[in-house]
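These notes are about the structure you will find just below.
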Amino acid sequence: MLNELLQQLGHTPTATTQTRTKYRSPWNIEEKTPSCFVFKDNRWDGINPLREFNYKDNSSGNGGNIFHFVMNYFNLSFVESKKKISEILGMDYQEHNRPTPNQAPSFSFNQSKEQ
């Protein structure tokens with residue numbers, strides 16, 4: 001998702017591997033050695049999208065998820081960043097990446113221990 005956002009903002013990758021995509025820092029596009037990495041494995045815990053860590057920019061020291069990126073890049077609040085992501089990508093990021101809840105196991109307090 002962050003790769004699509006970066007490309008919409010005019011940033012093109014300099015290299016892509018199985019695990020990450022490398023960019024010149026969005027905060028320092030004149031740098032000679034690209035220092036911004038977007039990880040394909042979002043390292044997301046599946047419950048809380050704010051715990052997702054999918055980019056690290058060594059030039060600026062910024063890192064985090066797509067919300068952190070937009071907040072830092074545009075100097076916005078969290079609520080404003082959600083709107084900005086929707087504007088840029090044409091969708092609601094929260095709805096797009098909401099995990100499907102696992103069905104709760106069937107359980108009754110009236111069941112015997114043997115069941």
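Order determines the names: the first chain of the structure tokens is A, the second B, and so forth; residues in each chain are numbered 1 upward, and ligands are numbered 1 upward as they are shown.
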
Contacts of stretch 31-34 of chain A at 12 Å (only C-alpha atoms; same-chain gap of 3+ positions) as a VMD selection string: chain A and resid 11 to 16 21 to 28 37 to 38 56 to 60

Members of stretch 21-86 of chain A assigned alpha helix (DSSP H) by DSSP, as a PyMOL selection string: chain A and resi 66-74+78-86

Close residues, stretch 76-90 of chain A itself excluded, 8 Å, only C-alpha atoms, min 6 positions apart in chain, as number ranges by chain: A: 4-5, 8, 67-68, 70

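Proximity ranking of A:Phe39, A:Gly63, A:Asn54, A:Phe69 relative to A:Thr17 places A:Phe39 first, based on only C-alpha atoms.
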
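Across the model, the gap from atom CA of A:Gln18 to atom CA of A:Met71 is 27.2 Å.
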
Straight-line distance linking atom CA of A:Met1 with atom CA of A:Glu30, stated in Å to one decimal: 24.1 Å

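Counting from atom CA of A:Cys36, the distance to atom CA of A:Asn62 is 9.1 Å.
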
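Taking only C-alpha atoms into account, A:Leu2 lies nearest to A:Ile66 out of the set A:Ile66, A:Gly61, A:Asn72, A:Ile29.
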